[in-house]
Amino acid sequence: MADPTAPIRSRRCSSCLVNVSISSLLAMAGCSSGTFNSSGGGVTTPSITVTVSGSADTRLGATTQFTATVANSTNKTVTWQVNGITGGSTATGTISSAGLYTAPEVVPSQNPVTISAISQAQPTVSGTLVEGIWNPIPVVTSETATANSSSTTTFLIDIQGGGFVSGATIQVSGSPVATTFISATDVQATYTATTSGTATVSVVNPNPGSATSASANIQFTVYKASLASAARLLDQATFGPVLTDIQHVQTVGLDAYITEQLGTASTLLPDITNPPPTICATNTIPCEQSEWWQTVLTGPDQLRQRVAFALSEIMVISTNSDNASAVIPYQNMLAKDAFGNFLTVMKDVALSTGMGAYLNMLDSYKPGNGQIANENFARENMQLFTIGLNLLNQDGTPQLDASGNMIPTYTEAQVQAFARAYTGWTYATSTGGVPTKYPNTTPNYDSPMVALDSAHDMTAKILLNGTTLPANQTAVTDLNGALANLFAHPNVGPFICRQLIQHLVSSNPSAAYVNRVAAIFANNGTGVRGDMAAVVRAILEDTEARAGDTNSSFDGGHLREPMLYLANVIRALGFVNTDPNSYYGNLSNYSGNLSEKPYGSGSVFNFFPPGYVIPGTTNNAPEFALENTASAILRLTQANSLVYNGISSFSVNLSATSPLGIMAANPSNLVDYLGQIFMHGQMPTNMRTAIISHITPMTDMGERVRVAIYLVITSSQYKVIN
């Protein structure tokens with residue numbers, strides 16, 4: 001019998017070859033996968049191992065599938081962890097029971113992370129893989145280049161897309177530019193382009209895992225004028241900027257635009273028909289006002305009409321005492337003469353039937369012995385239309401005598417002398433000829449007044465600066481001599497130029513500004529005095545007029561008077577006249593609530609005097625003579641009527657389906673657009689933020705539009721043209 005303690009060799013148990021002793025067999029509860037120790041030390045069991053495989057890096061927000069291989073165990077199940085946390089976390093990324101890893105949205109502070117697979121058969125056994133978390137690959141979906149409002153070459157590049165991270169950089173034509181990270185979908189950069197053209201743009205995310213988006217093309221249009229300078233010029237030179245005009249001025253430049261406008265023919269108001277339209281059957285003034293509104297709102301000769309408007313508020317006539325049929329040729333005359341010579345303006349004003357009737361030069365008969373001629377036109381022509389009350393320096397400041405007192409420009413005797421020089425004028429015949437009797441009581445409003453020497457004072461007249469009109473001169477000769485005497489006076493340039501500056505650019509221009517423009521009035525560069533085209537260009541292109549183009553806080557400008565305010569908003573928003581007869585006169589009802597109607601001044605001193613100073617200040621601000629608590633409230637009411645389509649005979653679409661309504665889906669875009677057409681692209685940041693914050697909660701896009709417009713056009717920043 002064999003020894004039971006002797007080794008048993010090469011005995012198989014199932015599929016395993018083991019070397020065991022009898023005592024070991026007795027001790028075994030069953031067959032194992034171990035191997036007998038050849039040295040007789042017992043059974044050795046192979047260790048369970050776990051191996052993890054998968055990509056060594058994952059981009060933010062992306063996924064990676066990991067696989068765990070479990071060796072030496074029939075139980076292949078594992079538990080997945082990220083940095084020791086089962087299932088991972090938001091900060092380090094999550095992993096499913098199947099090993100699908102989802103990277104976090106932000107690079108974790110501890111990077112790389114550790115992906116672990118723990119054997120469920122033997123939890124002390126695990127496999128790991130170090131996983132780097134990389135920034136995503138950026139994607140560009142849209143790109144825009146918007147010119148800076150105060151520059152012609154500086155652009156804001158705005159790139160929309162996805163996967164952008166803090167530190168991302170915009171590249172233009174392969175070169176990086178300083179970039180501002182807005183969000184994961186928006187990055188911006190300021191870029192200077194010297195020429196118009198197309199460039200490539202891309203976005204580069206930084207390390208870890210630096211990556212570049214696909215390139216996209218972007219268009220740069222280098223303008224000759226910035227948005228701010230173009231819009232500001234149009235605010236000064238027209239009845240209100242519109243987007244197409246702003247873009248045109250940007251394209252051609254300020255000087256070229258002024259040249260274009262100087263060459264644009266006058267838009268003439270048609271005479272009121274006889275019989276007049278039904279709406280004017282008993283009062284023709286509304287028809288005259290309707291024609292004025294239509295012309296200033298729609299006429300292509302915007303600068304000419306704006307200068308004519310300024311002249312009409314300096315050389316005032318009014319339907320308070322004038323026939324409306326006389327006002328129309330007066331307006332046409334001012335428009336035609338706006339870019340001519342100021343001496344021509346003086347003469348045409350003097351001989352117009354509108355002025356003749358308004359200030360009594362019409363039918364002013366030579367005085368008898370001991371009498372005086374009608375002084376009305378003679379006095380106001382000097383006081384208001386040409387030289388003013390007191391002697392001026394060329395910069396518009398008053399000259400003072402040795403006692404510090406202002407020096408009058410004329411005497412009462414000189415007023416009487418001028419009055420006699422203007423006698424003998426009456427209506428022309430229907431064909432424009434001289435009538436056979438004086439006065440001619442049949443009005444001819446379309447022709448200048450004509451003279452009958454039999455009604456003219458033939459005595460000598462001593463005028464200004466020792467000039468004498470000899471006796472026995474004709475009415476025409478005396479008139480021409482009197483006007484030439486005034487035109488040559490050194491006051492005319494500073495007196496008229498300062499008022500033109502006030503109406504077009506600034507209520508309170510500096511003395512230096514007035515001096516520069518008055519110098520052009522005195523000599524346009526070729527020896528011509530009174531060249532209105534040169535004066536207008538000098539006013540609009542002066543450094544003081546243009547200072548606000550690049551400095552939105554420049555202290556200049558003037559309050560929008562009611563007619564300008566109403567015209568500005570109507571033009572900017574694109575109101576359309578809906579009256580079947582193209583009647584525009586209802587607009588006067590709205591401006592009239594604010595004390596202005598076309599040619600409706602209460603006196604020869606205009607709706608407001610040029611020397612008006614705001615009470616309690618030293619600020620010369622003529623238009624503020626119309627501003628008070630009542631008018632401020634009425635202007636708010638008018639703004640409400642404008643945005644809620646309450647202007648009679650006019651309509652504008654501000655609904656949710658309108659272009660502005662569609663734009664309102666992005667409140668910032670809407671407010672920025674309104675800032676362009678109403679505020680030269682220079683809306684203050686705090687104002688912009690406040691309006692955006694106010695309209696954003698509104699779900700009705702039409703209401704967003706209306707409220708945003710209302711907040712802009714009622715703001716003090718808009719009411720005052722800066």
# chains A, B, ... in the order shown; residues from 1 in each chain; ligands from 1
call {"tool": "residues_around", "arguments": {"residues": "A:Lys719", "least_positions_apart": "2", "cutoff": "6 Å", "atoms": "only C-alpha atoms", "output": "number ranges by chain"}}
result
A: 559-560, 716-717
call {"tool": "residues_around", "arguments": {"residues": "A:Gln219", "least_positions_apart": "5", "cutoff": "10 Å", "atoms": "only C-alpha atoms", "output": "MDAnalysis selection string"}}
result
chainID A and resid 143:146 196:200
call {"tool": "write_last_selection", "arguments": {"atoms": "N, CA, C and O atoms", "output": "compact mmCIF listing (two decimals), in the first residue's frame"}}
result
# COMPACT_ATOMS: atom_id res chain seq x y z
N GLU A 143 -20.20 86.64 -37.93
CA GLU A 143 -19.18 87.63 -37.63
C GLU A 143 -19.59 88.98 -38.23
O GLU A 143 -20.11 89.03 -39.35
N THR A 144 -19.43 90.05 -37.47
CA THR A 144 -19.74 91.39 -37.96
C THR A 144 -18.62 92.34 -37.59
O THR A 144 -17.94 92.16 -36.59
N ALA A 145 -18.46 93.37 -38.42
CA ALA A 145 -17.51 94.44 -38.14
C ALA A 145 -18.27 95.75 -38.19
O ALA A 145 -18.73 96.18 -39.25
N THR A 146 -18.45 96.39 -37.04
CA THR A 146 -19.21 97.63 -36.94
C THR A 146 -18.26 98.79 -36.68
O THR A 146 -17.47 98.75 -35.74
N SER A 196 -10.77 99.51 -47.01
CA SER A 196 -11.94 98.65 -47.11
C SER A 196 -11.54 97.33 -47.74
O SER A 196 -10.60 97.25 -48.54
N GLY A 197 -12.23 96.26 -47.38
CA GLY A 197 -11.94 94.97 -47.97
C GLY A 197 -12.38 93.84 -47.08
O GLY A 197 -13.02 94.03 -46.05
N THR A 198 -12.02 92.61 -47.51
CA THR A 198 -12.40 91.40 -46.79
C THR A 198 -11.18 90.80 -46.11
O THR A 198 -10.08 90.78 -46.67
N ALA A 199 -11.35 90.33 -44.89
CA ALA A 199 -10.29 89.65 -44.16
C ALA A 199 -10.84 88.37 -43.56
O ALA A 199 -12.06 88.19 -43.46
N THR A 200 -9.95 87.45 -43.19
CA THR A 200 -10.38 86.23 -42.53
C THR A 200 -10.31 86.42 -41.03
O THR A 200 -9.42 87.10 -40.52
call {"tool": "residues_around", "arguments": {"residues": "stretch 561-575 of chain A", "least_positions_apart": "3", "cutoff": "9 Å", "atoms": "only C-alpha atoms", "output": "NGL selection string"}}
result
:A and (235 or 238-243 or 293 or 296-298 or 558 or 587-588 or 590-598 or 623-624 or 626 or 635 or 638-639 or 642 or 650-654 or 677-678 or 713 or 719)
call {"tool": "residues_around", "arguments": {"residues": "A:Pro509", "least_positions_apart": "5", "cutoff": "8 Å", "atoms": "only C-alpha atoms", "output": "PyMOL selection string"}}
result
chain A and resi 498+501-502+514+556
call {"tool": "residues_around", "arguments": {"residues": "A:Thr685", "least_positions_apart": "6", "cutoff": "12 Å", "atoms": "only C-alpha atoms", "output": "number ranges by chain"}}
result
A: 552, 668, 671-672, 675, 691-692
call {"tool": "write_last_selection", "arguments": {"atoms": "N, CA, C and O atoms", "output": "mmCIF file, in the first residue's frame"}}
result
data_model
loop_
_atom_site.group_PDB
_atom_site.id
_atom_site.type_symbol
_atom_site.label_atom_id
_atom_site.label_comp_id
_atom_site.auth_asym_id
_atom_site.auth_seq_id
_atom_site.Cartn_x
_atom_site.Cartn_y
_atom_site.Cartn_z
ATOM 1 N N SER A 552 -18.223 113.262 -27.224
ATOM 2 C CA SER A 552 -19.673 113.353 -27.010
ATOM 3 C C SER A 552 -20.037 114.229 -25.821
ATOM 4 O O SER A 552 -21.191 114.636 -25.686
ATOM 5 N N SER A 668 -30.625 95.051 -26.930
ATOM 6 C CA SER A 668 -29.409 95.839 -27.132
ATOM 7 C C SER A 668 -29.323 96.355 -28.553
ATOM 8 O O SER A 668 -28.968 97.520 -28.795
ATOM 9 N N VAL A 671 -31.852 99.276 -29.059
ATOM 10 C CA VAL A 671 -31.436 100.531 -28.428
ATOM 11 C C VAL A 671 -30.240 101.134 -29.154
ATOM 12 O O VAL A 671 -30.158 102.359 -29.339
ATOM 13 N N ASP A 672 -29.330 100.296 -29.620
ATOM 14 C CA ASP A 672 -28.176 100.811 -30.363
ATOM 15 C C ASP A 672 -28.617 101.441 -31.679
ATOM 16 O O ASP A 672 -28.066 102.472 -32.103
ATOM 17 N N GLY A 675 -30.046 104.716 -30.945
ATOM 18 C CA GLY A 675 -28.942 105.611 -30.628
ATOM 19 C C GLY A 675 -28.277 106.167 -31.874
ATOM 20 O O GLY A 675 -27.800 107.308 -31.878
ATOM 21 N N ILE A 691 -32.299 101.884 -20.417
ATOM 22 C CA ILE A 691 -33.377 101.592 -21.368
ATOM 23 C C ILE A 691 -33.436 100.098 -21.660
ATOM 24 O O ILE A 691 -34.526 99.492 -21.686
ATOM 25 N N ILE A 692 -32.276 99.476 -21.860
ATOM 26 C CA ILE A 692 -32.254 98.030 -22.117
ATOM 27 C C ILE A 692 -32.865 97.279 -20.937
ATOM 28 O O ILE A 692 -33.691 96.366 -21.116
#
call {"tool": "atom_distance", "arguments": {"atom1": "atom CA of A:Phe385", "atom2": "atom CA of A:Ala310"}}
result
11.9 Å
call {"tool": "closest_atom_pairs", "arguments": {"of": "stretch 383-410 of chain A", "to": "stretch 329-346 of chain A", "cutoff": "12 Å", "atoms": "only C-alpha atoms", "output": "CSV"}}
result
residue,atom,partner,partner_atom,distance
A:Leu384,CA,A:Met346,CA,11.9
A:Phe385,CA,A:Met346,CA,8.2
A:Thr386,CA,A:Met346,CA,8.2
A:Ile387,CA,A:Met346,CA,11.8
call {"tool": "write_last_selection", "arguments": {"atoms": "all heavy atoms", "output": "mmCIF file, in the first residue's frame"}}
result
data_model
loop_
_atom_site.group_PDB
_atom_site.id
_atom_site.type_symbol
_atom_site.label_atom_id
_atom_site.label_comp_id
_atom_site.auth_asym_id
_atom_site.auth_seq_id
_atom_site.Cartn_x
_atom_site.Cartn_y
_atom_site.Cartn_z
ATOM 1 N N LEU A 384 -32.823 144.016 -36.565
ATOM 2 C CA LEU A 384 -32.980 142.561 -36.537
ATOM 3 C C LEU A 384 -32.386 141.827 -37.735
ATOM 4 O O LEU A 384 -32.000 140.662 -37.609
ATOM 5 C CB LEU A 384 -34.468 142.205 -36.443
ATOM 6 C CG LEU A 384 -35.227 142.781 -35.242
ATOM 7 C CD1 LEU A 384 -36.706 142.453 -35.352
ATOM 8 C CD2 LEU A 384 -34.643 142.241 -33.941
ATOM 9 N N PHE A 385 -32.322 142.480 -38.902
ATOM 10 C CA PHE A 385 -31.985 141.762 -40.127
ATOM 11 C C PHE A 385 -30.548 141.954 -40.599
ATOM 12 O O PHE A 385 -30.076 141.191 -41.436
ATOM 13 C CB PHE A 385 -32.913 142.191 -41.266
ATOM 14 C CG PHE A 385 -34.385 142.056 -40.998
ATOM 15 C CD1 PHE A 385 -35.300 142.676 -41.842
ATOM 16 C CD2 PHE A 385 -34.868 141.326 -39.924
ATOM 17 C CE1 PHE A 385 -36.670 142.557 -41.618
ATOM 18 C CE2 PHE A 385 -36.233 141.202 -39.693
ATOM 19 C CZ PHE A 385 -37.137 141.832 -40.536
ATOM 20 N N THR A 386 -29.847 142.981 -40.082
ATOM 21 C CA THR A 386 -28.537 143.273 -40.682
ATOM 22 C C THR A 386 -27.437 143.624 -39.683
ATOM 23 O O THR A 386 -26.401 142.964 -39.648
ATOM 24 C CB THR A 386 -28.654 144.420 -41.706
ATOM 25 O OG1 THR A 386 -29.242 145.560 -41.066
ATOM 26 C CG2 THR A 386 -29.482 144.010 -42.909
ATOM 27 N N ILE A 387 -27.622 144.689 -38.861
ATOM 28 C CA ILE A 387 -26.473 145.169 -38.080
ATOM 29 C C ILE A 387 -26.684 145.154 -36.572
ATOM 30 O O ILE A 387 -25.720 145.259 -35.819
ATOM 31 C CB ILE A 387 -26.072 146.600 -38.522
ATOM 32 C CG1 ILE A 387 -27.221 147.583 -38.285
ATOM 33 C CG2 ILE A 387 -25.629 146.607 -39.979
ATOM 34 C CD1 ILE A 387 -26.847 149.040 -38.592
#
call {"tool": "closest_residue", "arguments": {"among": "A:Thr629, A:Asn524, A:Asn323, A:Thr474", "to": "A:Pro443", "atoms": "only C-alpha atoms"}}
result
A:Asn323
call {"tool": "closest_residue", "arguments": {"among": "A:Gly600, A:Ser173, A:Thr459, A:Gln188", "to": "A:Val327", "atoms": "only C-alpha atoms"}}
result
A:Gly600
call {"tool": "residues_around", "arguments": {"residues": "A:Gly93", "least_positions_apart": "2", "cutoff": "6 Å", "atoms": "only C-alpha atoms", "output": "PDB file with all heavy atoms, in the first residue's frame"}}
result
ATOM      1  N   GLY A  88     -18.318  60.449 -10.466  1.00  0.00           N
ATOM      2  CA  GLY A  88     -17.753  61.760 -10.744  1.00  0.00           C
ATOM      3  C   GLY A  88     -18.564  62.898 -10.149  1.00  0.00           C
ATOM      4  O   GLY A  88     -19.448  62.692  -9.311  1.00  0.00           O
ATOM      5  N   SER A  89     -18.293  64.130 -10.612  1.00  0.00           N
ATOM      6  CA  SER A  89     -18.976  65.324 -10.104  1.00  0.00           C
ATOM      7  C   SER A  89     -19.037  66.379 -11.206  1.00  0.00           C
ATOM      8  O   SER A  89     -18.371  66.266 -12.240  1.00  0.00           O
ATOM      9  CB  SER A  89     -18.241  65.893  -8.882  1.00  0.00           C
ATOM     10  OG  SER A  89     -16.978  66.411  -9.285  1.00  0.00           O
ATOM     11  N   THR A  90     -19.822  67.419 -10.927  1.00  0.00           N
ATOM     12  CA  THR A  90     -19.943  68.512 -11.899  1.00  0.00           C
ATOM     13  C   THR A  90     -18.601  69.190 -12.136  1.00  0.00           C
ATOM     14  O   THR A  90     -18.272  69.586 -13.256  1.00  0.00           O
ATOM     15  CB  THR A  90     -20.954  69.555 -11.392  1.00  0.00           C
ATOM     16  OG1 THR A  90     -22.217  68.921 -11.193  1.00  0.00           O
ATOM     17  CG2 THR A  90     -21.132  70.681 -12.402  1.00  0.00           C
ATOM     18  N   ALA A  91     -17.795  69.303 -11.104  1.00  0.00           N
ATOM     19  CA  ALA A  91     -16.532  70.028 -11.213  1.00  0.00           C
ATOM     20  C   ALA A  91     -15.486  69.256 -11.997  1.00  0.00           C
ATOM     21  O   ALA A  91     -14.674  69.844 -12.719  1.00  0.00           O
ATOM     22  CB  ALA A  91     -16.002  70.366  -9.825  1.00  0.00           C
ATOM     23  N   THR A 102     -18.286  62.281 -19.247  1.00  0.00           N
ATOM     24  CA  THR A 102     -18.673  63.592 -19.767  1.00  0.00           C
ATOM     25  C   THR A 102     -17.846  64.642 -19.052  1.00  0.00           C
ATOM     26  O   THR A 102     -17.935  64.790 -17.821  1.00  0.00           O
ATOM     27  CB  THR A 102     -20.175  63.867 -19.543  1.00  0.00           C
ATOM     28  OG1 THR A 102     -20.939  62.853 -20.185  1.00  0.00           O
ATOM     29  CG2 THR A 102     -20.554  65.235 -20.109  1.00  0.00           C
ATOM     30  N   ALA A 103     -17.037  65.371 -19.822  1.00  0.00           N
ATOM     31  CA  ALA A 103     -16.150  66.364 -19.231  1.00  0.00           C
ATOM     32  C   ALA A 103     -16.951  67.530 -18.667  1.00  0.00           C
ATOM     33  O   ALA A 103     -18.068  67.814 -19.125  1.00  0.00           O
ATOM     34  CB  ALA A 103     -15.155  66.865 -20.274  1.00  0.00           C
ATOM     35  N   PRO A 104     -16.413  68.252 -17.693  1.00  0.00           N
ATOM     36  CA  PRO A 104     -17.127  69.406 -17.126  1.00  0.00           C
ATOM     37  C   PRO A 104     -17.176  70.556 -18.127  1.00  0.00           C
ATOM     38  O   PRO A 104     -16.542  70.521 -19.175  1.00  0.00           O
ATOM     39  CB  PRO A 104     -16.287  69.762 -15.898  1.00  0.00           C
ATOM     40  CG  PRO A 104     -14.907  69.296 -16.244  1.00  0.00           C
ATOM     41  CD  PRO A 104     -15.099  68.041 -17.049  1.00  0.00           C
TER      42      PRO A 104
END
call {"tool": "select_by_dssp", "arguments": {"residues": "stretch 398-511 of chain A", "states": "alpha helix (DSSP H)", "output": "PyMOL selection string"}}
result
chain A and resi 412-421+475-487+492-504+511
call {"tool": "write_last_selection", "arguments": {"atoms": "C-alpha atoms", "output": "CSV table (one decimal), in the first residue's frame"}}
result
chain,number,residue,atom,x,y,z
A,412,GLU,CA,-33.3,158.0,-34.8
A,413,ALA,CA,-32.4,160.5,-37.6
A,414,GLN,CA,-30.7,157.7,-39.5
A,415,VAL,CA,-33.8,155.5,-39.1
A,416,GLN,CA,-35.9,158.3,-40.6
A,417,ALA,CA,-33.4,158.7,-43.5
A,418,PHE,CA,-33.6,155.0,-44.3
A,419,ALA,CA,-37.4,155.1,-44.1
A,420,ARG,CA,-37.5,157.9,-46.7
A,421,ALA,CA,-35.1,155.8,-48.9
A,475,ALA,CA,-36.6,154.9,-55.6
A,476,VAL,CA,-34.5,152.0,-57.1
A,477,THR,CA,-31.2,154.0,-56.8
A,478,ASP,CA,-32.0,155.0,-53.2
A,479,LEU,CA,-33.0,151.5,-52.2
A,480,ASN,CA,-29.8,150.0,-53.7
A,481,GLY,CA,-27.7,152.7,-52.0
A,482,ALA,CA,-29.4,152.2,-48.7
A,483,LEU,CA,-28.9,148.4,-48.8
A,484,ALA,CA,-25.3,148.8,-50.0
A,485,ASN,CA,-24.6,151.1,-47.1
A,486,LEU,CA,-25.9,148.5,-44.6
A,487,PHE,CA,-24.2,145.6,-46.4
A,492,VAL,CA,-23.3,142.6,-40.7
A,493,GLY,CA,-20.8,139.6,-40.7
A,494,PRO,CA,-20.7,139.0,-36.9
A,495,PHE,CA,-24.3,139.9,-36.4
A,496,ILE,CA,-25.7,137.5,-39.0
A,497,CYS,CA,-23.1,134.8,-38.7
A,498,ARG,CA,-23.7,134.4,-35.0
A,499,GLN,CA,-27.4,133.9,-35.5
A,500,LEU,CA,-26.9,131.4,-38.3
A,501,ILE,CA,-24.5,129.5,-36.0
A,502,GLN,CA,-27.1,129.6,-33.3
A,503,HIS,CA,-29.8,128.2,-35.5
A,504,LEU,CA,-27.6,125.5,-37.2
A,511,ALA,CA,-16.2,134.4,-29.8
call {"tool": "residues_around", "arguments": {"residues": "stretch 265-277 of chain A", "least_positions_apart": "2", "cutoff": "8 Å", "atoms": "only C-alpha atoms", "output": "list in words"}}
result
Gly263, Ile279, Cys280, Ala281, Thr284, Cys287, Glu288, Glu291, Trp292, Thr295, Gly299, Pro300, Asp301, Arg304, Gln305, Ser325, Ile328, Pro329, Gln331, Asn332, Ala335 and Lys336 of chain A
call {"tool": "write_last_selection", "arguments": {"atoms": "C-alpha atoms", "output": "mmCIF file, in the first residue's frame"}}
result
data_model
loop_
_atom_site.group_PDB
_atom_site.id
_atom_site.type_symbol
_atom_site.label_atom_id
_atom_site.label_comp_id
_atom_site.auth_asym_id
_atom_site.auth_seq_id
_atom_site.Cartn_x
_atom_site.Cartn_y
_atom_site.Cartn_z
ATOM 1 C CA GLY A 263 -25.538 122.201 -55.755
ATOM 2 C CA ILE A 279 -59.681 122.338 -46.596
ATOM 3 C CA CYS A 280 -58.455 125.932 -47.033
ATOM 4 C CA ALA A 281 -61.591 127.407 -48.531
ATOM 5 C CA THR A 284 -55.461 129.557 -46.730
ATOM 6 C CA CYS A 287 -52.425 125.097 -47.022
ATOM 7 C CA GLU A 288 -49.314 127.276 -46.816
ATOM 8 C CA GLU A 291 -46.693 122.871 -48.272
ATOM 9 C CA TRP A 292 -43.933 123.959 -45.906
ATOM 10 C CA THR A 295 -41.094 120.379 -48.437
ATOM 11 C CA GLY A 299 -37.333 117.700 -50.164
ATOM 12 C CA PRO A 300 -33.869 116.562 -51.310
ATOM 13 C CA ASP A 301 -32.443 120.069 -50.761
ATOM 14 C CA ARG A 304 -30.975 124.728 -48.463
ATOM 15 C CA GLN A 305 -34.301 124.363 -46.655
ATOM 16 C CA SER A 325 -50.224 133.555 -50.485
ATOM 17 C CA ILE A 328 -45.098 130.989 -50.127
ATOM 18 C CA PRO A 329 -43.001 133.120 -52.519
ATOM 19 C CA GLN A 331 -40.170 130.974 -48.431
ATOM 20 C CA ASN A 332 -39.183 130.096 -52.005
ATOM 21 C CA ALA A 335 -34.513 128.892 -50.281
ATOM 22 C CA LYS A 336 -33.245 130.104 -53.663
#
call {"tool": "atom_distance", "arguments": {"atom1": "atom CA of A:Val604", "atom2": "atom CA of A:Asp322"}}
result
11.8 Å
call {"tool": "closest_residue", "arguments": {"among": "A:Ser142, A:Gln81, A:Thr190, A:Thr244", "to": "A:Leu156", "atoms": "only C-alpha atoms"}}
result
A:Thr190
call {"tool": "decode", "arguments": {"residues": "stretch 596-609 of chain A", "atoms": "N, CA and C atoms", "output": "JSON list (two decimals), in the first residue's frame"}}
result
[["chain", "number", "residue", "atom", "x", "y", "z"],
["A", 596, "GLU", "N", -45.15, 126.92, -31.84],
["A", 596, "GLU", "CA", -44.54, 127.18, -33.14],
["A", 596, "GLU", "C", -45.39, 126.60, -34.26],
["A", 597, "LYS", "N", -45.58, 127.41, -35.29],
["A", 597, "LYS", "CA", -46.16, 126.96, -36.55],
["A", 597, "LYS", "C", -45.37, 127.63, -37.66],
["A", 598, "PRO", "N", -45.26, 127.01, -38.82],
["A", 598, "PRO", "CA", -44.49, 127.63, -39.91],
["A", 598, "PRO", "C", -45.01, 129.04, -40.22],
["A", 599, "TYR", "N", -44.11, 130.01, -40.15],
["A", 599, "TYR", "CA", -44.44, 131.41, -40.43],
["A", 599, "TYR", "C", -45.60, 131.90, -39.56],
["A", 600, "GLY", "N", -45.60, 131.43, -38.31],
["A", 600, "GLY", "CA", -46.67, 131.83, -37.40],
["A", 600, "GLY", "C", -46.18, 132.56, -36.17],
["A", 601, "SER", "N", -45.04, 133.25, -36.28],
["A", 601, "SER", "CA", -44.50, 133.96, -35.13],
["A", 601, "SER", "C", -45.45, 135.06, -34.68],
["A", 602, "GLY", "N", -45.46, 135.28, -33.37],
["A", 602, "GLY", "CA", -46.33, 136.31, -32.83],
["A", 602, "GLY", "C", -45.85, 137.71, -33.08],
["A", 603, "SER", "N", -44.58, 137.86, -33.47],
["A", 603, "SER", "CA", -44.04, 139.20, -33.73],
["A", 603, "SER", "C", -42.82, 139.07, -34.62],
["A", 604, "VAL", "N", -42.27, 140.23, -35.01],
["A", 604, "VAL", "CA", -41.07, 140.26, -35.84],
["A", 604, "VAL", "C", -39.85, 139.76, -35.08],
["A", 605, "PHE", "N", -39.98, 139.61, -33.78],
["A", 605, "PHE", "CA", -38.86, 139.15, -32.95],
["A", 605, "PHE", "C", -38.76, 137.63, -32.89],
["A", 606, "ASN", "N", -39.51, 136.94, -33.73],
["A", 606, "ASN", "CA", -39.45, 135.49, -33.86],
["A", 606, "ASN", "C", -40.10, 134.80, -32.66],
["A", 607, "PHE", "N", -40.13, 133.48, -32.69],
["A", 607, "PHE", "CA", -40.69, 132.70, -31.59],
["A", 607, "PHE", "C", -39.84, 132.85, -30.34],
["A", 608, "PHE", "N", -38.56, 133.12, -30.53],
["A", 608, "PHE", "CA", -37.63, 133.28, -29.40],
["A", 608, "PHE", "C", -36.53, 134.23, -29.84],
["A", 609, "PRO", "N", -36.04, 135.07, -28.95],
["A", 609, "PRO", "CA", -35.01, 136.04, -29.32],
["A", 609, "PRO", "C", -33.62, 135.41, -29.28]]
